[in-house]
>>> print(open('structure.pdb').read())   # PDB, C-alpha atoms
ATOM      1  CA  MET A   1     105.871 116.417  86.737
ATOM      2  CA  GLN A   2     107.944 114.971  89.562
ATOM      3  CA  TYR A   3     107.908 111.234  90.227
ATOM      4  CA  ARG A   4     108.603 109.452  93.489
ATOM      5  CA  THR A   5     108.977 105.810  94.527
ATOM      6  CA  LEU A   6     105.879 104.496  96.289
ATOM      7  CA  GLY A   7     107.358 103.321  99.576
ATOM      8  CA  HIS A   8     109.699 100.393  98.937
ATOM      9  CA  THR A   9     107.627  98.989  96.061
ATOM     10  CA  GLY A  10     109.800 100.360  93.254
ATOM     11  CA  VAL A  11     106.658 101.721  91.560
ATOM     12  CA  GLN A  12     107.069 105.296  90.335
ATOM     13  CA  VAL A  13     104.091 107.607  90.904
ATOM     14  CA  SER A  14     103.532 111.264  90.124
ATOM     15  CA  ALA A  15     103.821 113.757  92.982
ATOM     16  CA  LEU A  16     100.253 114.826  92.175
ATOM     17  CA  ALA A  17      97.738 111.982  91.978
ATOM     18  CA  LEU A  18      94.170 112.198  90.721
ATOM     19  CA  GLY A  19      91.560 111.601  93.406
ATOM     20  CA  ALA A  20      88.154 110.481  92.136
ATOM     21  CA  MET A  21      85.834 111.250  95.046
ATOM     22  CA  ASN A  22      84.184 114.069  93.053
ATOM     23  CA  PHE A  23      83.472 111.823  90.077
ATOM     24  CA  GLY A  24      79.739 111.323  89.720
ATOM     25  CA  GLN A  25      76.758 112.683  91.602
ATOM     26  CA  LEU A  26      78.776 114.030  94.552
ATOM     27  CA  GLY A  27      80.765 116.375  92.328
ATOM     28  CA  ARG A  28      78.036 116.715  89.695
ATOM     29  CA  THR A  29      80.386 115.332  87.038
ATOM     30  CA  THR A  30      79.272 113.267  84.045
ATOM     31  CA  GLN A  31      81.131 110.529  82.187
ATOM     32  CA  ALA A  32      82.193 113.086  79.592
ATOM     33  CA  ASP A  33      83.530 115.346  82.357
ATOM     34  CA  VAL A  34      85.419 112.508  84.015
ATOM     35  CA  SER A  35      86.908 111.204  80.761
ATOM     36  CA  ALA A  36      88.130 114.697  79.878
ATOM     37  CA  LEU A  37      89.684 115.172  83.336
ATOM     38  CA  VAL A  38      91.382 111.769  83.254
ATOM     39  CA  ASP A  39      92.748 112.312  79.743
ATOM     40  CA  ALA A  40      94.081 115.767  80.636
ATOM     41  CA  ALA A  41      95.643 114.503  83.872
ATOM     42  CA  LEU A  42      97.374 111.570  82.160
ATOM     43  CA  ASP A  43      98.568 113.790  79.322
ATOM     44  CA  ALA A  44     100.062 116.161  81.922
ATOM     45  CA  GLY A  45     102.077 113.339  83.500
ATOM     46  CA  ILE A  46      99.832 112.248  86.361
ATOM     47  CA  ASN A  47      99.986 108.460  86.423
ATOM     48  CA  MET A  48      98.065 107.538  89.589
ATOM     49  CA  ILE A  49      94.280 107.522  90.039
ATOM     50  CA  ASP A  50      92.729 106.870  93.443
ATOM     51  CA  THR A  51      89.077 105.940  93.909
ATOM     52  CA  ALA A  52      86.959 103.857  96.329
ATOM     53  CA  ASP A  53      83.900 101.656  96.281
ATOM     54  CA  PHE A  54      82.239 104.049  98.742
ATOM     55  CA  TYR A  55      82.450 107.055  96.394
ATOM     56  CA  GLY A  56      78.939 107.263  94.989
ATOM     57  CA  HIS A  57      78.458 103.642  96.088
ATOM     58  CA  GLY A  58      80.412 102.400  93.100
ATOM     59  CA  GLU A  59      79.648 105.217  90.669
ATOM     60  CA  SER A  60      83.144 106.694  90.828
ATOM     61  CA  GLU A  61      84.737 103.335  90.053
ATOM     62  CA  GLU A  62      82.452 102.847  87.052
ATOM     63  CA  LEU A  63      83.292 106.289  85.686
ATOM     64  CA  VAL A  64      87.027 105.771  86.220
ATOM     65  CA  GLY A  65      86.876 102.362  84.582
ATOM     66  CA  ARG A  66      85.299 103.733  81.426
ATOM     67  CA  ALA A  67      87.685 106.714  81.395
ATOM     68  CA  ILE A  68      90.836 104.571  81.496
ATOM     69  CA  ALA A  69      89.650 101.987  78.978
ATOM     70  CA  GLY A  70      92.464 101.630  76.469
ATOM     71  CA  ARG A  71      94.942 103.365  78.804
ATOM     72  CA  ARG A  72      95.038 100.898  81.698
ATOM     73  CA  ASP A  73      98.786 100.308  81.402
ATOM     74  CA  ASP A  74      99.400 104.051  81.836
ATOM     75  CA  VAL A  75      97.697 104.116  85.239
ATOM     76  CA  VAL A  76      98.736 103.098  88.733
ATOM     77  CA  LEU A  77      95.172 102.307  89.819
ATOM     78  CA  ALA A  78      94.129 102.440  93.462
ATOM     79  CA  THR A  79      90.808 101.784  95.142
ATOM     80  CA  LYS A  80      89.527 101.135  98.667
ATOM     81  CA  ALA A  81      87.080  99.054 100.688
ATOM     82  CA  ALA A  82      85.713  98.886 104.260
ATOM     83  CA  LEU A  83      83.130 101.698 104.441
ATOM     84  CA  PRO A  84      79.447 100.650 104.261
ATOM     85  CA  MET A  85      78.184  99.516 100.864
ATOM     86  CA  GLY A  86      74.644  98.644 101.968
ATOM     87  CA  ASP A  87      72.432  98.168 105.000
ATOM     88  CA  GLY A  88      73.565  94.645 105.786
ATOM     89  CA  PRO A  89      75.958  94.296 108.729
ATOM     90  CA  ASN A  90      78.422  92.286 106.630
ATOM     91  CA  ARG A  91      78.566  94.702 103.675
ATOM     92  CA  ARG A  92      81.347  96.719 105.289
ATOM     93  CA  GLY A  93      84.515  96.309 107.308
ATOM     94  CA  SER A  94      87.706  94.391 106.599
ATOM     95  CA  SER A  95      86.783  90.752 107.202
ATOM     96  CA  ARG A  96      87.957  88.169 104.678
ATOM     97  CA  ARG A  97      84.313  87.507 103.781
ATOM     98  CA  TRP A  98      83.661  91.116 102.814
ATOM     99  CA  LEU A  99      87.006  91.967 101.210
ATOM    100  CA  GLU A 100      86.710  89.043  98.779
ATOM    101  CA  ARG A 101      83.273  90.253  97.690
ATOM    102  CA  ALA A 102      84.175  93.955  97.720
ATOM    103  CA  LEU A 103      87.225  93.443  95.514
ATOM    104  CA  ASP A 104      85.274  91.376  92.974
ATOM    105  CA  ASP A 105      82.674  94.170  92.826
ATOM    106  CA  SER A 106      85.345  96.855  92.402
ATOM    107  CA  LEU A 107      87.113  94.953  89.617
ATOM    108  CA  ARG A 108      83.804  94.517  87.800
ATOM    109  CA  ARG A 109      82.940  98.212  88.083
ATOM    110  CA  LEU A 110      86.425  99.280  87.014
ATOM    111  CA  GLY A 111      86.465  96.792  84.142
ATOM    112  CA  VAL A 112      89.942  95.493  85.025
ATOM    113  CA  ASP A 113      91.422  92.214  86.213
ATOM    114  CA  HIS A 114      93.551  93.755  88.960
ATOM    115  CA  VAL A 115      94.203  96.962  90.879
ATOM    116  CA  ASP A 116      97.674  98.159  91.708
ATOM    117  CA  LEU A 117      96.870  99.331  95.232
ATOM    118  CA  TYR A 118      93.987  98.102  97.398
ATOM    119  CA  GLN A 119      93.443 100.132 100.568
ATOM    120  CA  ILE A 120      91.463  99.610 103.758
ATOM    121  CA  HIS A 121      89.445 102.834 103.836
ATOM    122  CA  ARG A 122      89.208 103.021 107.633
ATOM    123  CA  TRP A 123      90.433 100.848 110.477
ATOM    124  CA  ASP A 124      87.786  98.271 111.395
ATOM    125  CA  PRO A 125      87.786  97.697 115.178
ATOM    126  CA  GLN A 126      85.631  94.566 114.761
ATOM    127  CA  THR A 127      88.263  92.696 112.741
ATOM    128  CA  SER A 128      91.711  91.565 113.821
ATOM    129  CA  ASP A 129      94.802  92.676 111.948
ATOM    130  CA  GLU A 130      95.665  89.024 111.314
ATOM    131  CA  GLU A 131      92.288  88.390 109.633
ATOM    132  CA  THR A 132      92.550  91.451 107.388
ATOM    133  CA  LEU A 133      96.213  91.032 106.479
ATOM    134  CA  SER A 134      95.739  87.319 105.795
ATOM    135  CA  ALA A 135      92.879  88.090 103.392
ATOM    136  CA  LEU A 136      94.861  90.846 101.669
ATOM    137  CA  THR A 137      97.928  88.633 101.348
ATOM    138  CA  ASP A 138      95.829  85.952  99.630
ATOM    139  CA  LEU A 139      94.237  88.529  97.311
ATOM    140  CA  GLN A 140      97.733  89.673  96.396
ATOM    141  CA  ARG A 141      98.882  86.115  95.727
ATOM    142  CA  SER A 142      95.831  85.573  93.528
ATOM    143  CA  GLY A 143      97.042  88.414  91.274
ATOM    144  CA  ARG A 144      93.931  90.565  91.763
ATOM    145  CA  ILE A 145      95.864  93.207  93.698
ATOM    146  CA  ARG A 146      99.532  94.132  93.434
ATOM    147  CA  TYR A 147      99.981  95.916  96.793
ATOM    148  CA  PHE A 148      97.804  96.898  99.727
ATOM    149  CA  GLY A 149      97.664  99.855 102.076
ATOM    150  CA  SER A 150      95.705 101.615 104.793
ATOM    151  CA  SER A 151      93.803 104.892 104.828
ATOM    152  CA  THR A 152      93.338 107.323 107.705
ATOM    153  CA  PHE A 153      94.749 104.925 110.285
ATOM    154  CA  PRO A 154      95.955 106.484 113.564
ATOM    155  CA  ALA A 155      99.647 106.027 114.169
ATOM    156  CA  TYR A 156      99.276 103.307 116.769
ATOM    157  CA  ARG A 157      97.151 101.214 114.384
ATOM    158  CA  VAL A 158      99.803 101.570 111.660
ATOM    159  CA  VAL A 159     102.379 100.247 114.130
ATOM    160  CA  GLN A 160     100.106  97.432 115.288
ATOM    161  CA  ALA A 161      99.437  96.303 111.711
ATOM    162  CA  GLN A 162     103.161  96.280 110.912
ATOM    163  CA  TRP A 163     103.797  94.181 114.021
ATOM    164  CA  ALA A 164     100.977  91.760 113.136
ATOM    165  CA  ALA A 165     102.322  91.316 109.602
ATOM    166  CA  ARG A 166     105.748  90.418 110.948
ATOM    167  CA  GLN A 167     104.397  88.221 113.759
ATOM    168  CA  HIS A 168     102.171  86.156 111.455
ATOM    169  CA  HIS A 169     104.456  86.208 108.385
ATOM    170  CA  LEU A 170     101.914  88.060 106.255
ATOM    171  CA  GLY A 171     102.134  90.814 103.662
ATOM    172  CA  ARG A 172     102.152  94.313 105.108
ATOM    173  CA  TYR A 173     100.607  97.642 104.339
ATOM    174  CA  VAL A 174     103.005  99.474 102.036
ATOM    175  CA  THR A 175     101.103 102.784 101.974
ATOM    176  CA  GLU A 176      99.021 104.998 104.236
ATOM    177  CA  GLN A 177      96.564 107.649 103.024
ATOM    178  CA  PRO A 178      96.058 110.385 105.654
ATOM    179  CA  SER A 179      94.494 113.841 105.553
ATOM    180  CA  TYR A 180      97.242 116.483 105.407
ATOM    181  CA  SER A 181      97.382 120.181 104.602
ATOM    182  CA  ILE A 182      98.876 123.414 105.895
ATOM    183  CA  LEU A 183      95.786 123.841 108.091
ATOM    184  CA  GLN A 184      95.780 120.241 109.367
ATOM    185  CA  ARG A 185      99.338 119.320 110.295
ATOM    186  CA  GLY A 186      98.646 116.949 113.195
ATOM    187  CA  ILE A 187     100.013 113.892 111.399
ATOM    188  CA  GLU A 188     103.483 115.444 111.474
ATOM    189  CA  ALA A 189     103.556 114.578 115.192
ATOM    190  CA  ASP A 190     102.713 110.887 114.875
ATOM    191  CA  VAL A 191     101.607 109.308 111.586
ATOM    192  CA  LEU A 192     104.398 110.637 109.357
ATOM    193  CA  PRO A 193     107.236 109.631 111.713
ATOM    194  CA  VAL A 194     105.741 106.130 111.845
ATOM    195  CA  THR A 195     105.288 105.769 108.080
ATOM    196  CA  GLN A 196     108.833 106.996 107.549
ATOM    197  CA  GLU A 197     110.105 104.467 110.095
ATOM    198  CA  TYR A 198     108.445 101.623 108.160
ATOM    199  CA  GLY A 199     109.267 102.957 104.696
ATOM    200  CA  MET A 200     105.623 103.358 103.709
ATOM    201  CA  GLY A 201     104.411 105.477 100.827
ATOM    202  CA  VAL A 202     102.061 108.312 101.846
ATOM    203  CA  LEU A 203      99.223 109.604  99.671
ATOM    204  CA  ALA A 204      97.906 112.803 101.259
ATOM    205  CA  TRP A 205      94.216 113.574 100.804
ATOM    206  CA  SER A 206      92.555 116.982 101.184
ATOM    207  CA  PRO A 207      95.788 118.957 100.612
ATOM    208  CA  LEU A 208      93.616 122.016  99.858
ATOM    209  CA  ALA A 209      91.794 121.623 103.200
ATOM    210  CA  SER A 210      88.319 121.058 101.722
ATOM    211  CA  GLY A 211      88.637 124.221  99.662
ATOM    212  CA  TRP A 212      90.004 126.573 102.316
ATOM    213  CA  LEU A 213      93.277 126.666 100.360
ATOM    214  CA  SER A 214      91.738 126.813  96.898
ATOM    215  CA  GLY A 215      92.196 130.577  96.651
ATOM    216  CA  ALA A 216      88.430 131.103  96.782
ATOM    217  CA  VAL A 217      88.271 131.994 100.482
ATOM    218  CA  ARG A 218      88.665 135.698 101.158
ATOM    219  CA  ALA A 219      87.769 137.955 104.063
ATOM    220  CA  GLY A 220      84.633 139.994 103.498
ATOM    221  CA  GLN A 221      83.348 137.659 100.770
ATOM    222  CA  ASP A 222      80.755 134.910 100.899
ATOM    223  CA  ILE A 223      82.365 131.486 100.704
ATOM    224  CA  ARG A 224      80.795 129.795  97.688
ATOM    225  CA  THR A 225      82.985 126.743  97.191
ATOM    226  CA  HIS A 226      81.430 123.369  96.388
ATOM    227  CA  ARG A 227      82.437 122.031  99.801
ATOM    228  CA  ALA A 228      80.948 125.045 101.570
ATOM    229  CA  GLY A 229      77.591 124.133 100.077
ATOM    230  CA  MET A 230      77.965 120.514 101.194
ATOM    231  CA  MET A 231      79.359 121.191 104.681
ATOM    232  CA  PRO A 232      78.291 124.717 105.690
ATOM    233  CA  GLN A 233      79.310 124.257 109.321
ATOM    234  CA  ARG A 234      82.948 123.922 108.263
ATOM    235  CA  PHE A 235      82.811 127.399 106.719
ATOM    236  CA  ASP A 236      80.546 129.174 109.215
ATOM    237  CA  LEU A 237      82.576 132.246 110.175
ATOM    238  CA  SER A 238      80.567 132.721 113.368
ATOM    239  CA  LEU A 239      82.556 129.774 114.761
ATOM    240  CA  PRO A 240      85.931 130.593 116.359
ATOM    241  CA  VAL A 241      87.667 127.646 114.656
ATOM    242  CA  ASN A 242      86.676 128.945 111.226
ATOM    243  CA  ARG A 243      87.686 132.515 112.036
ATOM    244  CA  ALA A 244      91.107 131.156 113.022
ATOM    245  CA  ARG A 245      91.332 129.346 109.704
ATOM    246  CA  LEU A 246      90.329 132.468 107.794
ATOM    247  CA  GLU A 247      93.041 134.467 109.562
ATOM    248  CA  ALA A 248      95.606 131.802 108.654
ATOM    249  CA  VAL A 249      94.432 131.756 105.024
ATOM    250  CA  GLN A 250      94.797 135.540 104.794
ATOM    251  CA  GLN A 251      98.381 135.332 106.056
ATOM    252  CA  LEU A 252      99.161 132.394 103.760
ATOM    253  CA  THR A 253      97.777 134.323 100.804
ATOM    254  CA  ALA A 254     100.225 137.123 101.546
ATOM    255  CA  VAL A 255     103.093 134.600 101.694
ATOM    256  CA  ALA A 256     102.016 133.127  98.359
ATOM    257  CA  ASP A 257     101.749 136.568  96.742
ATOM    258  CA  GLN A 258     105.219 137.529  97.944
ATOM    259  CA  ALA A 259     106.641 134.278  96.550
ATOM    260  CA  GLY A 260     104.893 134.796  93.197
ATOM    261  CA  LEU A 261     102.699 131.723  93.698
ATOM    262  CA  SER A 262      98.996 130.978  93.837
ATOM    263  CA  VAL A 263      97.575 129.750  97.143
ATOM    264  CA  ILE A 264      97.014 126.375  95.461
ATOM    265  CA  GLN A 265     100.683 126.160  94.480
ATOM    266  CA  LEU A 266     101.673 127.089  98.024
ATOM    267  CA  ALA A 267      99.343 124.477  99.528
ATOM    268  CA  LEU A 268     100.315 121.606  97.223
ATOM    269  CA  GLY A 269     103.983 122.530  97.268
ATOM    270  CA  PHE A 270     103.907 122.419 101.067
ATOM    271  CA  VAL A 271     102.418 118.916 101.178
ATOM    272  CA  THR A 272     104.774 117.453  98.584
ATOM    273  CA  ALA A 273     107.781 119.087 100.253
ATOM    274  CA  HIS A 274     107.560 116.781 103.275
ATOM    275  CA  PRO A 275     110.065 113.930 102.837
ATOM    276  CA  GLY A 276     107.520 111.461 104.181
ATOM    277  CA  VAL A 277     104.887 112.290 101.542
ATOM    278  CA  THR A 278     104.872 110.484  98.203
ATOM    279  CA  ALA A 279     101.980 112.278  96.486
ATOM    280  CA  ALA A 280      99.224 114.797  97.086
ATOM    281  CA  LEU A 281      95.771 113.699  95.951
ATOM    282  CA  ILE A 282      93.969 116.403  94.010
ATOM    283  CA  GLY A 283      90.231 116.201  93.379
ATOM    284  CA  PRO A 284      89.251 118.549  90.535
ATOM    285  CA  ARG A 285      85.649 118.776  89.314
ATOM    286  CA  THR A 286      86.322 120.938  86.247
ATOM    287  CA  PRO A 287      89.134 121.415  83.704
ATOM    288  CA  GLU A 288      89.790 124.836  85.262
ATOM    289  CA  HIS A 289      90.277 123.231  88.675
ATOM    290  CA  LEU A 290      92.656 120.692  87.176
ATOM    291  CA  GLN A 291      94.764 123.291  85.376
ATOM    292  CA  SER A 292      95.083 125.442  88.501
ATOM    293  CA  GLN A 293      96.293 122.403  90.444
ATOM    294  CA  LEU A 294      98.623 121.134  87.710
ATOM    295  CA  ALA A 295     100.401 124.479  88.008
ATOM    296  CA  ALA A 296     101.866 123.084  91.247
ATOM    297  CA  ALA A 297     103.357 120.015  89.535
ATOM    298  CA  ASP A 298     106.870 121.468  89.551
ATOM    299  CA  THR A 299     106.499 123.802  92.538
ATOM    300  CA  ILE A 300     109.380 123.580  94.996
ATOM    301  CA  LEU A 301     109.024 125.922  97.959
ATOM    302  CA  ALA A 302     112.089 127.806  99.154
ATOM    303  CA  ALA A 303     113.201 127.378 102.756
ATOM    304  CA  ASP A 304     112.119 130.908 103.700
ATOM    305  CA  VAL A 305     108.601 130.216 102.365
ATOM    306  CA  LEU A 306     108.352 126.999 104.376
ATOM    307  CA  ASP A 307     109.595 128.900 107.446
ATOM    308  CA  ALA A 308     106.900 131.526 106.914
ATOM    309  CA  ILE A 309     104.250 128.798 106.772
ATOM    310  CA  ASP A 310     105.581 127.358 110.049
ATOM    311  CA  ARG A 311     105.144 130.731 111.717
ATOM    312  CA  ILE A 312     101.501 130.893 110.639
ATOM    313  CA  VAL A 313     100.548 127.282 111.452
ATOM    314  CA  ALA A 314     102.957 125.575 113.813
ATOM    315  CA  PRO A 315     104.273 122.124 112.855
ATOM    316  CA  GLY A 316     102.117 119.289 114.173
ATOM    317  CA  THR A 317      99.102 121.573 114.671
ATOM    318  CA  ASP A 318      95.526 120.965 113.535
ATOM    319  CA  LEU A 319      93.621 124.238 113.251
ATOM    320  CA  ALA A 320      90.349 122.292 113.294
ATOM    321  CA  PRO A 321      91.054 119.355 115.631
ATOM    322  CA  GLY A 322      87.348 118.552 115.840
ATOM    323  CA  GLU A 323      87.403 117.557 112.176
ATOM    324  CA  LYS A 324      89.951 114.806 112.592
ATOM    325  CA  VAL A 325      88.592 111.781 110.772
ATOM    326  CA  TYR A 326      89.663 109.351 113.494
ATOM    327  CA  THR A 327      89.025 109.948 117.176
ATOM    328  CA  PRO A 328      89.764 107.202 119.723
ATOM    329  CA  PRO A 329      86.364 105.909 120.891
ATOM    330  CA  ALA A 330      87.192 106.502 124.555
ATOM    331  CA  LEU A 331      87.374 110.254 123.935
ATOM    332  CA  SER A 332      83.728 110.415 122.870
ATOM    333  CA  ASP A 333      82.199 107.525 124.860
ATOM    334  CA  ALA A 334      82.453 108.093 128.600
ATOM    335  CA  SER A 335      81.592 104.461 129.349
ATOM    336  CA  LEU A 336      84.937 103.450 127.877
ATOM    337  CA  ARG A 337      86.726 105.621 130.436
ATOM    338  CA  ARG A 338      84.977 104.117 133.483
ATOM    339  CA  ARG A 339      85.511 100.851 135.271
TER     340      ARG A 339
END
>>> encode(input="structure.pdb", output="C-alpha cells")
Amino acid sequence: MQYRTLGHTGVQVSALALGAMNFGQLGRTTQADVSALVDAALDAGINMIDTADFYGHGESEELVGRAIAGRRDDVVLATKAALPMGDGPNRRGSSRRWLERALDDSLRRLGVDHVDLYQIHRWDPQTSDEETLSALTDLQRSGRIRYFGSSTFPAYRVVQAQWAARQHHLGRYVTEQPSYSILQRGIEADVLPVTQEYGMGVLAWSPLASGWLSGAVRAGQDIRTHRAGMMPQRFDLSLPVNRARLEAVQQLTAVADQAGLSVIQLALGFVTAHPGVTAALIGPRTPEHLQSQLAAADTILAADVLDAIDRIVAPGTDLAPGEKVYTPPALSDASLRRR
C-alpha cells in the first residue's frame, strides 16, 4: 500500500481509501458484511474511511462506528454534512446552527469523540463562506474535528473559500473531494490546478465511474452492475453518451489487457497517478469487490499506458458532461440569465 500526505496536514493516508456509501440499505450490506470489509481493508493497509450523515440517513455512520470499535486509532475517519437530513428547512446546509447539530449527531452514530476530517458535502449557496468557516474553525478548536474540507465544490468556490479564510483569519479547507475517473476528467481543467495551488489534499470519488470501469461492462452483454439497476438511464445504450462511454471502455480494456492489468487496476492506477490526487475512494459491497480493488494498491502505470489513455479520453474531458454533480444555476435557470 502506498501512503501520501493529506495536503499540508502531515497526516499520512493510504492511496486507496474506503468509501462507505454502500454500507447499509443502499448497498444491501449488513453489519456483518461491513465489519468484514472494514477489517479486511485495514488489514490490507487502508487507513482512511470516508462516510457521511446523508448515506442511509445515518445508517452508514452507525455501521462504520460499530465496525471500527476497538480500532479507532488505526483509522483516519472522515464524514460529511450539508445534504438534507429531514424535511425541515434547517436540517441541511452549512450554517453554524446546523453544523453544530449535525456533527453531534454524527459523533453519536459513529461512537467517537472526534472525527479526523469533517467535510461540507456540497456548497450551500444560502450560507456565506465566513459563516461556514467560522463554525468549522470553532468545531476544530473544540477538539471535535481535527481538520475540515469541501466536497464537490466547483473551482471558483474553492478559490472563494480560500480567500474568505485568509480575509477573516479563519481555518481553511485542507481537502477537496471531487468526482474523478478516466471517463470524467473535467476537473483536470479547473479543480485540480486550484487544489494544487493551495496545497489541498484530494480524495477522488467514483474512480470506477459508477461501475463503467469495474470490468463488468462489455459490448454485446447486458449491463447488470448494482449501479445499473439503481440508475438505468446512465447505462442505457440507446443514448449516444452511453454508446460513447462503451466505446471508450472497450478501448481501455484493450489497453489494460496489453499492459497485463485488470480494468480496475487501470482505472484506479490512473486516478492515483495524478500528482494532485491524494487517494482514490473505493466503495466495495462484497469481499470479492474489495479484493479486486486492492489489487490496484501498488499499481503504477507506465508512461506509455497513460499516453494511451489520453488518446482514448482527452485530458480535461467529461464523456458524460450532463452527469456533473455541480452545474452553475444560471445554466439551468433562464431567469438568472435575464435582466
>>> closest_residue(input="structure.pdb", among="A:Glu197, A:Glu131, A:Asp53, A:Asp87", to="Ala102 in chain A", atoms="all atoms listed in the file")
A:Asp53
>>> atom_distance(input="structure.pdb", atom1="CA of Met200 in chain A", atom2="CA of Gln177 in chain A")
10.0 Å
>>> closest_atom_pairs(input="structure.pdb", of="range 135-243 of chain A", to="range 67-83 of chain A", cutoff="10 Å", atoms="all atoms listed in the file", output="Markdown table")
| residue | atom | partner | partner_atom | distance |
| --- | --- | --- | --- | --- |
| A:Ile145 | CA | A:Ala78 | CA | 9.4 |
| A:Arg146 | CA | A:Ala78 | CA | 9.9 |
| A:Tyr147 | CA | A:Ala78 | CA | 9.4 |
| A:Phe148 | CA | A:Ala78 | CA | 9.1 |
| A:Gly149 | CA | A:Lys80 | CA | 8.9 |
| A:Ser150 | CA | A:Lys80 | CA | 8.7 |
| A:Ser151 | CA | A:Lys80 | CA | 8.4 |
>>> atom_distance(input="structure.pdb", atom1="CA of Ala189 in chain A", atom2="CA of Thr5 in chain A")
23.1 Å
>>> residues_around(input="structure.pdb", residues="Gln25 in chain A", least_positions_apart="5", cutoff="9 Å", atoms="only C-alpha atoms", output="number ranges by chain")
A: 30, 56, 59-60
>>> write_last_selection(input="structure.pdb", atoms="C-alpha atoms", output="PDB file, in the frame of the given file")
ATOM      1  CA  THR A  30      79.272 113.267  84.045  1.00  0.00           C
ATOM      2  CA  GLY A  56      78.939 107.263  94.989  1.00  0.00           C
ATOM      3  CA  GLU A  59      79.648 105.217  90.669  1.00  0.00           C
ATOM      4  CA  SER A  60      83.144 106.694  90.828  1.00  0.00           C
TER       5      SER A  60
END
>>> resolve_selection(input="structure.pdb", expression="the PyMOL selection byres ((chain A and resi 50) around 10)", output="ChimeraX atom specification")
/A:17-21,48-49,51-52,60-61,64,75-80,117-119,203,281-283
>>> resolve_selection(input="structure.pdb", expression="the PyMOL selection byres ((chain A and resi 249) around 12)", output="PyMOL selection string")
chain A and resi 181-183+208-209+211-219+242-248+250-256+263-264+266-267+309+312-313+319
>>> build_atoms(input="structure.pdb", residues="range 192-197 of chain A", atoms="all heavy atoms", output="PDB file, in the frame of the given file")
ATOM      1  N   LEU A 192     103.275 110.554 110.302  1.00  0.00           N
ATOM      2  CA  LEU A 192     104.398 110.637 109.357  1.00  0.00           C
ATOM      3  C   LEU A 192     105.697 110.067 109.927  1.00  0.00           C
ATOM      4  O   LEU A 192     106.423 109.361 109.203  1.00  0.00           O
ATOM      5  CB  LEU A 192     104.582 112.077 108.879  1.00  0.00           C
ATOM      6  CG  LEU A 192     103.508 112.575 107.904  1.00  0.00           C
ATOM      7  CD1 LEU A 192     103.745 114.031 107.519  1.00  0.00           C
ATOM      8  CD2 LEU A 192     103.444 111.699 106.651  1.00  0.00           C
ATOM      9  N   PRO A 193     106.044 110.305 111.192  1.00  0.00           N
ATOM     10  CA  PRO A 193     107.236 109.631 111.713  1.00  0.00           C
ATOM     11  C   PRO A 193     107.129 108.112 111.657  1.00  0.00           C
ATOM     12  O   PRO A 193     108.126 107.418 111.390  1.00  0.00           O
ATOM     13  CB  PRO A 193     107.308 110.136 113.162  1.00  0.00           C
ATOM     14  CG  PRO A 193     106.640 111.473 113.131  1.00  0.00           C
ATOM     15  CD  PRO A 193     105.523 111.315 112.149  1.00  0.00           C
ATOM     16  N   VAL A 194     105.931 107.586 111.875  1.00  0.00           N
ATOM     17  CA  VAL A 194     105.741 106.130 111.845  1.00  0.00           C
ATOM     18  C   VAL A 194     105.860 105.596 110.416  1.00  0.00           C
ATOM     19  O   VAL A 194     106.536 104.587 110.166  1.00  0.00           O
ATOM     20  CB  VAL A 194     104.382 105.750 112.462  1.00  0.00           C
ATOM     21  CG1 VAL A 194     104.021 104.304 112.128  1.00  0.00           C
ATOM     22  CG2 VAL A 194     104.410 105.945 113.970  1.00  0.00           C
ATOM     23  N   THR A 195     105.202 106.254 109.463  1.00  0.00           N
ATOM     24  CA  THR A 195     105.288 105.769 108.080  1.00  0.00           C
ATOM     25  C   THR A 195     106.716 105.860 107.552  1.00  0.00           C
ATOM     26  O   THR A 195     107.162 104.996 106.790  1.00  0.00           O
ATOM     27  CB  THR A 195     104.330 106.544 107.154  1.00  0.00           C
ATOM     28  OG1 THR A 195     104.604 107.953 107.240  1.00  0.00           O
ATOM     29  CG2 THR A 195     102.876 106.291 107.541  1.00  0.00           C
ATOM     30  N   GLN A 196     107.433 106.898 107.964  1.00  0.00           N
ATOM     31  CA  GLN A 196     108.833 106.996 107.549  1.00  0.00           C
ATOM     32  C   GLN A 196     109.666 105.876 108.171  1.00  0.00           C
ATOM     33  O   GLN A 196     110.551 105.320 107.512  1.00  0.00           O
ATOM     34  CB  GLN A 196     109.398 108.361 107.934  1.00  0.00           C
ATOM     35  CG  GLN A 196     108.868 109.502 107.074  1.00  0.00           C
ATOM     36  CD  GLN A 196     109.424 110.852 107.491  1.00  0.00           C
ATOM     37  OE1 GLN A 196     108.971 111.445 108.477  1.00  0.00           O
ATOM     38  NE2 GLN A 196     110.393 111.337 106.746  1.00  0.00           N
ATOM     39  N   GLU A 197     109.387 105.549 109.417  1.00  0.00           N
ATOM     40  CA  GLU A 197     110.105 104.467 110.095  1.00  0.00           C
ATOM     41  C   GLU A 197     109.938 103.144 109.349  1.00  0.00           C
ATOM     42  O   GLU A 197     110.892 102.361 109.222  1.00  0.00           O
ATOM     43  CB  GLU A 197     109.591 104.321 111.528  1.00  0.00           C
ATOM     44  CG  GLU A 197     110.172 103.158 112.310  1.00  0.00           C
ATOM     45  CD  GLU A 197     111.629 103.352 112.691  1.00  0.00           C
ATOM     46  OE1 GLU A 197     112.095 104.515 112.721  1.00  0.00           O
ATOM     47  OE2 GLU A 197     112.308 102.341 112.959  1.00  0.00           O
TER      48      GLU A 197
END
